[in-house]
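A.B. asks: Please find work.cif (mmCIF, C-alpha atoms) on the next line:
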```
data_input
#
loop_
_atom_site.group_PDB
_atom_site.id
_atom_site.type_symbol
_atom_site.label_atom_id
_atom_site.label_comp_id
_atom_site.auth_asym_id
_atom_site.auth_seq_id
_atom_site.Cartn_x
_atom_site.Cartn_y
_atom_site.Cartn_z
ATOM 1 C CA MET A 14 0.000 0.000 0.000
ATOM 2 C CA PHE A 15 1.290 3.440 -0.944
ATOM 3 C CA GLN A 16 3.186 5.425 1.698
ATOM 4 C CA PRO A 17 4.497 8.817 0.497
ATOM 5 C CA GLU A 18 7.359 10.663 2.102
ATOM 6 C CA THR A 19 4.903 13.091 3.688
ATOM 7 C CA ALA A 20 3.469 10.220 5.732
ATOM 8 C CA ASP A 21 5.881 11.241 8.503
ATOM 9 C CA PHE A 22 3.303 13.059 10.606
ATOM 10 C CA ARG A 23 6.015 14.565 12.788
ATOM 11 C CA THR A 24 6.789 16.993 9.951
ATOM 12 C CA PRO A 25 3.752 19.142 9.138
ATOM 13 C CA LEU A 26 3.393 20.837 5.784
ATOM 14 C CA LEU A 27 2.210 24.084 7.385
ATOM 15 C CA GLY A 28 1.518 23.322 11.057
ATOM 16 C CA ARG A 29 0.109 25.673 13.652
ATOM 17 C CA ALA A 30 0.126 29.274 12.437
ATOM 18 C CA GLU A 31 1.228 32.250 14.478
ATOM 19 C CA ALA A 32 -0.613 35.563 14.205
ATOM 20 C CA PRO A 33 -1.186 37.344 11.930
ATOM 21 C CA HIS A 34 -1.173 34.234 9.718
ATOM 22 C CA LEU A 35 -4.067 31.781 9.505
ATOM 23 C CA HIS A 36 -3.617 28.161 8.482
ATOM 24 C CA VAL A 37 -6.694 27.220 6.431
ATOM 25 C CA MET A 38 -7.434 23.597 5.558
ATOM 26 C CA SER A 39 -10.174 22.021 3.423
ATOM 27 C CA PHE A 40 -10.761 18.283 3.705
ATOM 28 C CA ASN A 41 -13.368 15.904 2.313
ATOM 29 C CA LEU A 42 -13.390 13.322 5.111
ATOM 30 C CA ARG A 43 -15.280 10.633 3.158
ATOM 31 C CA ASN A 44 -18.334 9.810 5.185
ATOM 32 C CA ALA A 45 -18.477 7.008 7.710
ATOM 33 C CA GLY A 46 -21.249 5.077 5.977
ATOM 34 C CA GLU A 47 -21.261 1.306 6.095
ATOM 35 C CA GLY A 48 -19.938 -0.824 3.259
ATOM 36 C CA LEU A 49 -17.243 1.554 2.054
ATOM 37 C CA PRO A 50 -14.006 0.094 0.686
ATOM 38 C CA ASP A 51 -11.989 1.753 3.446
ATOM 39 C CA PRO A 52 -14.337 2.153 6.441
ATOM 40 C CA TRP A 53 -13.953 4.924 9.001
ATOM 41 C CA PRO A 54 -12.646 2.670 11.823
ATOM 42 C CA ARG A 55 -9.641 1.853 9.619
ATOM 43 C CA ARG A 56 -9.078 5.482 8.616
ATOM 44 C CA LYS A 57 -9.705 7.475 11.760
ATOM 45 C CA ALA A 58 -6.244 6.977 13.294
ATOM 46 C CA ALA A 59 -4.657 8.437 10.150
ATOM 47 C CA ASN A 60 -7.209 11.244 10.211
ATOM 48 C CA ALA A 61 -6.413 12.038 13.843
ATOM 49 C CA ALA A 62 -2.645 12.009 13.281
ATOM 50 C CA LEU A 63 -2.997 14.312 10.290
ATOM 51 C CA LEU A 64 -5.147 16.848 12.148
ATOM 52 C CA ARG A 65 -3.023 16.866 15.299
ATOM 53 C CA THR A 66 0.085 17.447 13.212
ATOM 54 C CA GLU A 67 -1.251 20.214 10.981
ATOM 55 C CA ALA A 68 -3.375 21.976 13.670
ATOM 56 C CA PRO A 69 -5.093 24.341 11.203
ATOM 57 C CA THR A 70 -6.502 27.594 12.522
ATOM 58 C CA VAL A 71 -9.692 26.887 10.619
ATOM 59 C CA LEU A 72 -10.793 23.690 8.883
ATOM 60 C CA GLY A 73 -13.700 23.182 6.483
ATOM 61 C CA THR A 74 -14.764 19.545 6.150
ATOM 62 C CA GLN A 75 -17.125 17.904 3.705
ATOM 63 C CA GLU A 76 -19.134 14.651 3.905
ATOM 64 C CA GLY A 77 -18.657 14.121 7.637
ATOM 65 C CA LEU A 78 -21.521 12.493 9.545
ATOM 66 C CA TYR A 79 -22.424 13.614 13.038
ATOM 67 C CA GLN A 80 -20.725 10.900 15.103
ATOM 68 C CA GLN A 81 -17.717 10.995 12.782
ATOM 69 C CA LEU A 82 -17.428 14.752 13.253
ATOM 70 C CA ARG A 83 -17.495 14.338 17.014
ATOM 71 C CA GLU A 84 -14.529 11.988 16.705
ATOM 72 C CA VAL A 85 -12.733 14.503 14.493
ATOM 73 C CA ALA A 86 -13.314 17.147 17.181
ATOM 74 C CA THR A 87 -11.734 14.856 19.760
ATOM 75 C CA ALA A 88 -8.755 14.226 17.478
ATOM 76 C CA LEU A 89 -7.927 17.912 17.058
ATOM 77 C CA PRO A 90 -5.681 19.575 19.647
ATOM 78 C CA GLU A 91 -7.299 20.875 22.820
ATOM 79 C CA GLY A 92 -9.200 24.123 22.420
ATOM 80 C CA TYR A 93 -10.931 23.477 19.092
ATOM 81 C CA GLU A 94 -14.673 23.905 18.503
ATOM 82 C CA TRP A 95 -16.925 23.420 15.483
ATOM 83 C CA ILE A 96 -20.116 24.671 13.847
ATOM 84 C CA GLY A 97 -22.370 22.818 11.423
ATOM 85 C CA THR A 98 -25.664 21.122 10.687
ATOM 86 C CA GLY A 99 -26.650 18.077 8.670
ATOM 87 C CA ARG A 100 -27.824 18.693 5.124
ATOM 88 C CA GLU A 101 -31.067 16.848 5.925
ATOM 89 C CA GLY A 102 -31.473 18.995 9.040
ATOM 90 C CA GLY A 103 -30.240 18.611 12.623
ATOM 91 C CA SER A 104 -27.827 15.697 12.960
ATOM 92 C CA ARG A 105 -29.111 13.993 9.780
ATOM 93 C CA GLY A 106 -26.973 13.654 6.694
ATOM 94 C CA GLU A 107 -23.572 15.013 5.784
ATOM 95 C CA PHE A 108 -22.259 18.270 7.288
ATOM 96 C CA MET A 109 -20.248 21.145 5.854
ATOM 97 C CA ALA A 110 -18.596 21.611 9.250
ATOM 98 C CA VAL A 111 -16.271 24.474 10.166
ATOM 99 C CA TYR A 112 -13.742 23.671 12.896
ATOM 100 C CA PHE A 113 -11.646 26.394 14.467
ATOM 101 C CA ASP A 114 -9.018 27.028 17.097
ATOM 102 C CA ALA A 115 -11.123 28.742 19.758
ATOM 103 C CA THR A 116 -8.014 30.019 21.521
ATOM 104 C CA ARG A 117 -7.406 32.132 18.416
ATOM 105 C CA LEU A 118 -10.814 32.670 16.762
ATOM 106 C CA GLU A 119 -14.164 33.810 18.155
ATOM 107 C CA PRO A 120 -17.326 33.152 16.101
ATOM 108 C CA ARG A 121 -19.531 36.245 15.860
ATOM 109 C CA GLU A 122 -22.340 34.835 13.716
ATOM 110 C CA PHE A 123 -23.052 31.869 11.457
ATOM 111 C CA ASP A 124 -25.698 30.414 9.174
ATOM 112 C CA HIS A 125 -26.425 27.633 6.693
ATOM 113 C CA PHE A 126 -28.096 27.644 3.291
ATOM 114 C CA TRP A 127 -29.027 24.995 0.770
ATOM 115 C CA LEU A 128 -27.881 25.018 -2.845
ATOM 116 C CA SER A 129 -31.320 25.287 -4.407
ATOM 117 C CA ASP A 130 -33.917 27.789 -5.543
ATOM 118 C CA THR A 131 -35.146 27.837 -1.924
ATOM 119 C CA PRO A 132 -31.876 28.152 0.019
ATOM 120 C CA ALA A 133 -33.597 28.706 3.374
ATOM 121 C CA VAL A 134 -35.492 25.401 3.096
ATOM 122 C CA VAL A 135 -33.676 22.608 4.907
ATOM 123 C CA GLY A 136 -32.919 19.644 2.650
ATOM 124 C CA SER A 137 -34.035 21.370 -0.564
ATOM 125 C CA ALA A 138 -32.713 20.595 -4.061
ATOM 126 C CA SER A 139 -33.846 22.188 -7.333
ATOM 127 C CA TRP A 140 -31.487 21.610 -10.237
ATOM 128 C CA GLY A 141 -31.785 17.918 -11.054
ATOM 129 C CA ASN A 142 -29.388 16.746 -8.383
ATOM 130 C CA SER A 143 -30.489 13.750 -6.329
ATOM 131 C CA VAL A 144 -28.048 14.587 -3.522
ATOM 132 C CA VAL A 145 -28.844 17.543 -1.268
ATOM 133 C CA ARG A 146 -26.070 20.168 -1.242
ATOM 134 C CA MET A 147 -25.520 23.042 1.167
ATOM 135 C CA ALA A 148 -23.093 25.574 2.614
ATOM 136 C CA THR A 149 -22.185 26.742 6.118
ATOM 137 C CA TRP A 150 -20.586 30.101 6.848
ATOM 138 C CA VAL A 151 -19.085 31.599 10.003
ATOM 139 C CA ARG A 152 -17.987 35.160 10.693
ATOM 140 C CA PHE A 153 -14.939 35.133 12.964
ATOM 141 C CA ARG A 154 -12.974 37.651 14.982
ATOM 142 C CA ASP A 155 -9.269 36.933 15.287
ATOM 143 C CA LEU A 156 -8.516 37.340 18.973
ATOM 144 C CA ALA A 157 -4.849 37.972 18.224
ATOM 145 C CA THR A 158 -5.339 40.830 15.769
ATOM 146 C CA GLY A 159 -8.952 41.958 16.114
ATOM 147 C CA ALA A 160 -9.569 41.378 12.410
ATOM 148 C CA GLU A 161 -12.880 39.902 11.292
ATOM 149 C CA PHE A 162 -13.419 37.587 8.339
ATOM 150 C CA VAL A 163 -15.874 35.038 6.961
ATOM 151 C CA VAL A 164 -15.276 31.372 6.194
ATOM 152 C CA LEU A 165 -17.776 29.670 3.872
ATOM 153 C CA ASN A 166 -17.583 25.892 3.409
ATOM 154 C CA THR A 167 -19.479 23.986 0.723
ATOM 155 C CA HIS A 168 -19.666 20.836 -1.410
ATOM 156 C CA LEU A 169 -20.979 21.064 -4.966
ATOM 157 C CA ASP A 170 -22.838 18.255 -6.679
ATOM 158 C CA HIS A 171 -20.847 15.357 -8.072
ATOM 159 C CA ALA A 172 -22.954 14.526 -11.127
ATOM 160 C CA VAL A 173 -25.225 17.288 -12.478
ATOM 161 C CA GLU A 174 -23.545 20.141 -14.348
ATOM 162 C CA LYS A 175 -26.488 22.484 -13.898
ATOM 163 C CA ALA A 176 -26.446 21.908 -10.142
ATOM 164 C CA GLN A 177 -22.704 22.533 -10.052
ATOM 165 C CA ARG A 178 -23.026 25.796 -11.985
ATOM 166 C CA MET A 179 -26.080 27.058 -10.153
ATOM 167 C CA GLY A 180 -24.609 26.105 -6.789
ATOM 168 C CA ALA A 181 -21.444 28.081 -7.495
ATOM 169 C CA GLU A 182 -23.473 31.068 -8.691
ATOM 170 C CA LEU A 183 -25.573 30.981 -5.506
ATOM 171 C CA VAL A 184 -22.421 30.892 -3.379
ATOM 172 C CA ALA A 185 -21.076 33.880 -5.330
ATOM 173 C CA ARG A 186 -24.302 35.834 -4.711
ATOM 174 C CA ARG A 187 -24.244 35.052 -1.006
ATOM 175 C CA LEU A 188 -20.623 36.168 -0.733
ATOM 176 C CA ALA A 189 -21.574 39.460 -2.390
ATOM 177 C CA GLU A 190 -23.944 40.139 0.517
ATOM 178 C CA PHE A 191 -21.019 40.540 2.909
ATOM 179 C CA ASP A 192 -19.396 43.970 3.193
ATOM 180 C CA ALA A 193 -16.998 44.495 0.316
ATOM 181 C CA ASP A 194 -14.059 45.150 2.671
ATOM 182 C CA LEU A 195 -14.670 42.028 4.790
ATOM 183 C CA PRO A 196 -12.114 39.296 4.036
ATOM 184 C CA VAL A 197 -13.694 36.036 2.871
ATOM 185 C CA ILE A 198 -12.256 32.529 2.703
ATOM 186 C CA VAL A 199 -14.071 29.736 0.834
ATOM 187 C CA THR A 200 -13.284 26.062 1.412
ATOM 188 C CA GLY A 201 -14.887 23.172 -0.388
ATOM 189 C CA ASP A 202 -15.030 20.079 -2.527
ATOM 190 C CA PHE A 203 -16.239 21.508 -5.827
ATOM 191 C CA ASN A 204 -16.246 18.207 -7.752
ATOM 192 C CA VAL A 205 -14.925 19.940 -10.872
ATOM 193 C CA ALA A 206 -11.470 20.962 -12.002
ATOM 194 C CA ALA A 207 -9.903 24.220 -10.927
ATOM 195 C CA GLU A 208 -9.005 26.506 -13.824
ATOM 196 C CA ALA A 209 -11.182 24.497 -16.243
ATOM 197 C CA SER A 210 -14.837 24.550 -15.183
ATOM 198 C CA GLU A 211 -17.900 26.794 -15.036
ATOM 199 C CA PRO A 212 -18.053 26.819 -11.196
ATOM 200 C CA TYR A 213 -14.417 27.952 -11.080
ATOM 201 C CA ASP A 214 -15.175 30.673 -13.616
ATOM 202 C CA ALA A 215 -18.199 31.788 -11.578
ATOM 203 C CA LEU A 216 -16.248 32.101 -8.350
ATOM 204 C CA VAL A 217 -12.816 33.175 -9.563
ATOM 205 C CA GLY A 218 -13.808 35.050 -12.703
ATOM 206 C CA GLY A 219 -17.303 36.270 -11.859
ATOM 207 C CA ALA A 220 -17.032 36.767 -8.097
ATOM 208 C CA GLY A 221 -13.403 37.857 -8.327
ATOM 209 C CA LEU A 222 -12.030 35.395 -5.760
ATOM 210 C CA LEU A 223 -8.416 34.252 -5.788
ATOM 211 C CA ASP A 224 -7.403 30.603 -5.968
ATOM 212 C CA THR A 225 -4.880 30.197 -3.151
ATOM 213 C CA TRP A 226 -2.994 27.558 -5.135
ATOM 214 C CA THR A 227 -2.264 29.898 -8.047
ATOM 215 C CA ALA A 228 -1.854 32.963 -5.800
ATOM 216 C CA ALA A 229 0.535 31.401 -3.281
ATOM 217 C CA ALA A 230 3.994 32.897 -2.899
ATOM 218 C CA GLU A 231 5.254 29.377 -2.153
ATOM 219 C CA ARG A 232 3.901 25.934 -3.035
ATOM 220 C CA ARG A 233 4.975 23.303 -0.536
ATOM 221 C CA THR A 234 4.035 20.333 -2.766
ATOM 222 C CA PRO A 235 3.569 19.442 -6.417
ATOM 223 C CA ALA A 236 0.152 20.053 -7.987
ATOM 224 C CA TYR A 237 -1.405 16.719 -7.090
ATOM 225 C CA ALA A 238 -4.916 15.739 -8.126
ATOM 226 C CA THR A 239 -6.901 16.110 -4.914
ATOM 227 C CA PHE A 240 -9.176 13.067 -5.366
ATOM 228 C CA HIS A 241 -7.037 9.939 -5.281
ATOM 229 C CA GLY A 242 -9.493 7.065 -4.772
ATOM 230 C CA TYR A 243 -6.916 5.206 -2.642
ATOM 231 C CA GLN A 244 -4.216 5.355 -5.303
ATOM 232 C CA ALA A 245 -0.756 6.936 -5.355
ATOM 233 C CA PRO A 246 -0.753 10.719 -5.908
ATOM 234 C CA VAL A 247 -0.947 11.979 -9.488
ATOM 235 C CA ILE A 248 0.889 15.158 -10.416
ATOM 236 C CA GLY A 249 -1.017 17.409 -12.773
ATOM 237 C CA GLY A 250 -4.447 15.859 -12.294
ATOM 238 C CA ASP A 251 -7.611 17.746 -11.430
ATOM 239 C CA ARG A 252 -7.725 19.887 -8.296
ATOM 240 C CA ILE A 253 -11.356 19.535 -7.277
ATOM 241 C CA ASP A 254 -10.805 20.706 -3.671
ATOM 242 C CA TRP A 255 -10.093 24.439 -3.416
ATOM 243 C CA ILE A 256 -9.437 27.231 -0.976
ATOM 244 C CA LEU A 257 -10.458 30.607 -2.394
ATOM 245 C CA VAL A 258 -10.071 34.083 -0.895
ATOM 246 C CA ARG A 259 -11.160 37.633 -1.609
ATOM 247 C CA PRO A 260 -8.505 39.914 -3.094
ATOM 248 C CA GLY A 261 -6.470 41.593 -0.392
ATOM 249 C CA VAL A 262 -5.898 38.360 1.499
ATOM 250 C CA ARG A 263 -2.206 37.543 1.148
ATOM 251 C CA VAL A 264 -1.422 33.902 0.374
ATOM 252 C CA THR A 265 1.965 32.891 1.740
ATOM 253 C CA ALA A 266 1.906 29.160 1.006
ATOM 254 C CA ALA A 267 -0.302 26.397 -0.381
ATOM 255 C CA ALA A 268 -0.072 22.605 -0.321
ATOM 256 C CA VAL A 269 -1.823 19.353 -1.204
ATOM 257 C CA ASN A 270 -1.194 16.890 1.605
ATOM 258 C CA THR A 271 -0.470 13.286 0.507
ATOM 259 C CA PHE A 272 -0.612 11.961 4.064
ATOM 260 C CA THR A 273 -0.947 8.304 5.051
ATOM 261 C CA LEU A 274 -0.275 6.506 8.317
ATOM 262 C CA ASP A 275 0.883 2.872 8.483
ATOM 263 C CA GLY A 276 -0.463 2.290 4.998
ATOM 264 C CA HIS A 277 -3.878 3.801 5.679
ATOM 265 C CA TRP A 278 -5.364 6.856 4.022
ATOM 266 C CA ALA A 279 -7.316 9.397 6.054
ATOM 267 C CA SER A 280 -9.865 9.769 3.212
ATOM 268 C CA ASP A 281 -10.234 9.264 -0.539
ATOM 269 C CA HIS A 282 -9.292 12.946 -1.005
ATOM 270 C CA TRP A 283 -6.015 14.640 -0.184
ATOM 271 C CA PRO A 284 -6.594 17.651 2.068
ATOM 272 C CA VAL A 285 -5.549 21.069 0.781
ATOM 273 C CA HIS A 286 -3.937 23.845 2.816
ATOM 274 C CA ALA A 287 -3.219 27.556 2.583
ATOM 275 C CA LEU A 288 -1.299 29.906 4.843
ATOM 276 C CA VAL A 289 -2.909 33.334 4.562
ATOM 277 C CA GLU A 290 -2.698 36.788 6.106
ATOM 278 C CA LEU A 291 -5.677 39.131 6.284
ATOM 279 C CA PRO A 292 -5.450 42.729 5.073
ATOM 280 C CA GLY A 293 -4.182 45.183 7.687
ATOM 281 C CA ARG A 294 -6.666 47.106 9.776
ATOM 282 C CA ASP A 295 -6.883 50.917 9.697
#
```
Taking this structure as input, can you express it in the form of structure tokens?
C.D. replies:
Amino acid sequence: MFQPETADFRTPLLGRAEAPHLHVMSFNLRNAGEGLPDPWPRRKAANAALLRTEAPTVLGTQEGLYQQLREVATALPEGYEWIGTGREGGSRGEFMAVYFDATRLEPREFDHFWLSDTPAVVGSASWGNSVVRMATWVRFRDLATGAEFVVLNTHLDHAVEKAQRMGAELVARRLAEFDADLPVIVTGDFNVAAEASEPYDALVGGAGLLDTWTAAAERRTPAYATFHGYQAPVIGGDRIDWILVRPGVRVTAAAVNTFTLDGHWASDHWPVHALVELPGRD
């Protein structure tokens, strides 16, 4: 079974960030449903080692189920909290959870919306997709600097192009509702290729967001495809997991993390990371 050099979890790619920097991580956990080829009980030790090592300031996860997310919370270093709801409502279905280092970040407000024509309706879907899709956002205050910013975490549809496009356009419209000078960070599994898809064009071209991978002053890893399906990493494949930011957010470093532990993957996606710095306050 594949074990890359980065499997040494004692050497983080980015690790815990010191102010004013924020370590942002996006990670499709692969849900803990029964009958999967690599079930959660076999993966959760690798997941825990990865998260303890990287200790992101803020982490957007996709696909996690409620009990699974509770275990992820336990695996993170002491002092982390999380916000989310199931896409079917309450604890039901997959979450777009936002974890954060509560010793560094204070949530000021949060909300959820569904990627549909009725975004306030829990569990709604409108565009031909059979899987319910949603987004969670949190407005934070950085206790170290006083700066405020928004993190939005989402997961676009995996099969229906219209749902992918319309979902991205809805996210772009919701982002436009925040004050223009408020920094925004978007994490997600977009299920389409960066730099070569309509959702990317809607968010990076239309909404004017920056792709942290292309904007980074330093790339800590090659440009691996972010969905691996339990295979060795592929350089130059599709990046379907992105971290996007509003202009003005400085991107110091970016990475795709090909982490395994004792031959076990943490998920069927590689997590992606960005080290960012918010614009200075007046």
A.B. asks: Could you check which of A:Pro33, A:Gly28, A:Pro50, A:Gly261 is closest to Asp155 in chain A, using all atoms listed in the file?
C.D. replies: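 The shortest atom-to-atom distance to Asp155 in chain A comes from A:Pro33.
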A.B. asks: If the PyMOL selection byres ((chain A and resi 130) around 10) were run on this exact file, what residues would it hold? Put them as a PyMOL selection string.
C.D. replies: chain A and resi 127-129+131-134+137-140+179-180+183
A.B. asks: What does the PyMOL selection byres ((chain A and resi 219) around 12) select in this file, as a PyMOL selection string?
C.D. replies: chain A and resi 178+181-186+188-189+211-218+220-223
A.B. asks: Mind listing whatever residues come within 12 Å of the point (-9.3, 29.8, -2.0)? Use only C-alpha atoms, file coordinates, and give them as a ChimeraX atom specification.
C.D. replies: /A:37-39,73,164-166,196-203,207,213,216-217,221-229,252-260,262-264,266-268,285-289
A.B. asks: Can I get the selected residues back with C-alpha atoms, as a CSV table (one decimal), in the frame of the given file?
C.D. replies:
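Final output, result-v8.csv:
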```csv
chain,number,residue,atom,x,y,z
A,37,VAL,CA,-6.7,27.2,6.4
A,38,MET,CA,-7.4,23.6,5.6
A,39,SER,CA,-10.2,22.0,3.4
A,73,GLY,CA,-13.7,23.2,6.5
A,164,VAL,CA,-15.3,31.4,6.2
A,165,LEU,CA,-17.8,29.7,3.9
A,166,ASN,CA,-17.6,25.9,3.4
A,196,PRO,CA,-12.1,39.3,4.0
A,197,VAL,CA,-13.7,36.0,2.9
A,198,ILE,CA,-12.3,32.5,2.7
A,199,VAL,CA,-14.1,29.7,0.8
A,200,THR,CA,-13.3,26.1,1.4
A,201,GLY,CA,-14.9,23.2,-0.4
A,202,ASP,CA,-15.0,20.1,-2.5
A,203,PHE,CA,-16.2,21.5,-5.8
A,207,ALA,CA,-9.9,24.2,-10.9
A,213,TYR,CA,-14.4,28.0,-11.1
A,216,LEU,CA,-16.2,32.1,-8.4
A,217,VAL,CA,-12.8,33.2,-9.6
A,221,GLY,CA,-13.4,37.9,-8.3
A,222,LEU,CA,-12.0,35.4,-5.8
A,223,LEU,CA,-8.4,34.3,-5.8
A,224,ASP,CA,-7.4,30.6,-6.0
A,225,THR,CA,-4.9,30.2,-3.2
A,226,TRP,CA,-3.0,27.6,-5.1
A,227,THR,CA,-2.3,29.9,-8.0
A,228,ALA,CA,-1.9,33.0,-5.8
A,229,ALA,CA,0.5,31.4,-3.3
A,252,ARG,CA,-7.7,19.9,-8.3
A,253,ILE,CA,-11.4,19.5,-7.3
A,254,ASP,CA,-10.8,20.7,-3.7
A,255,TRP,CA,-10.1,24.4,-3.4
A,256,ILE,CA,-9.4,27.2,-1.0
A,257,LEU,CA,-10.5,30.6,-2.4
A,258,VAL,CA,-10.1,34.1,-0.9
A,259,ARG,CA,-11.2,37.6,-1.6
A,260,PRO,CA,-8.5,39.9,-3.1
A,262,VAL,CA,-5.9,38.4,1.5
A,263,ARG,CA,-2.2,37.5,1.1
A,264,VAL,CA,-1.4,33.9,0.4
A,266,ALA,CA,1.9,29.2,1.0
A,267,ALA,CA,-0.3,26.4,-0.4
A,268,ALA,CA,-0.1,22.6,-0.3
A,285,VAL,CA,-5.5,21.1,0.8
A,286,HIS,CA,-3.9,23.8,2.8
A,287,ALA,CA,-3.2,27.6,2.6
A,288,LEU,CA,-1.3,29.9,4.8
A,289,VAL,CA,-2.9,33.3,4.6
```
A.B. asks: Would you mind reading off the distance between CA of Gln177 in chain A and CA of Thr239 in chain A, one decimal, in Å?
C.D. replies: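 Between CA of Gln177 in chain A and CA of Thr239 in chain A the gap works out to 17.8 Å.
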A.B. asks: Convert the output of the PyMOL selection byres ((chain A and resi 251) around 10) on the shown file into explicit residues, formatted as JSON, numbers by chain.
C.D. replies: {"A": [204, 205, 206, 207, 208, 209, 236, 237, 238, 239, 240, 241, 247, 248, 249, 250, 252, 253, 254]}
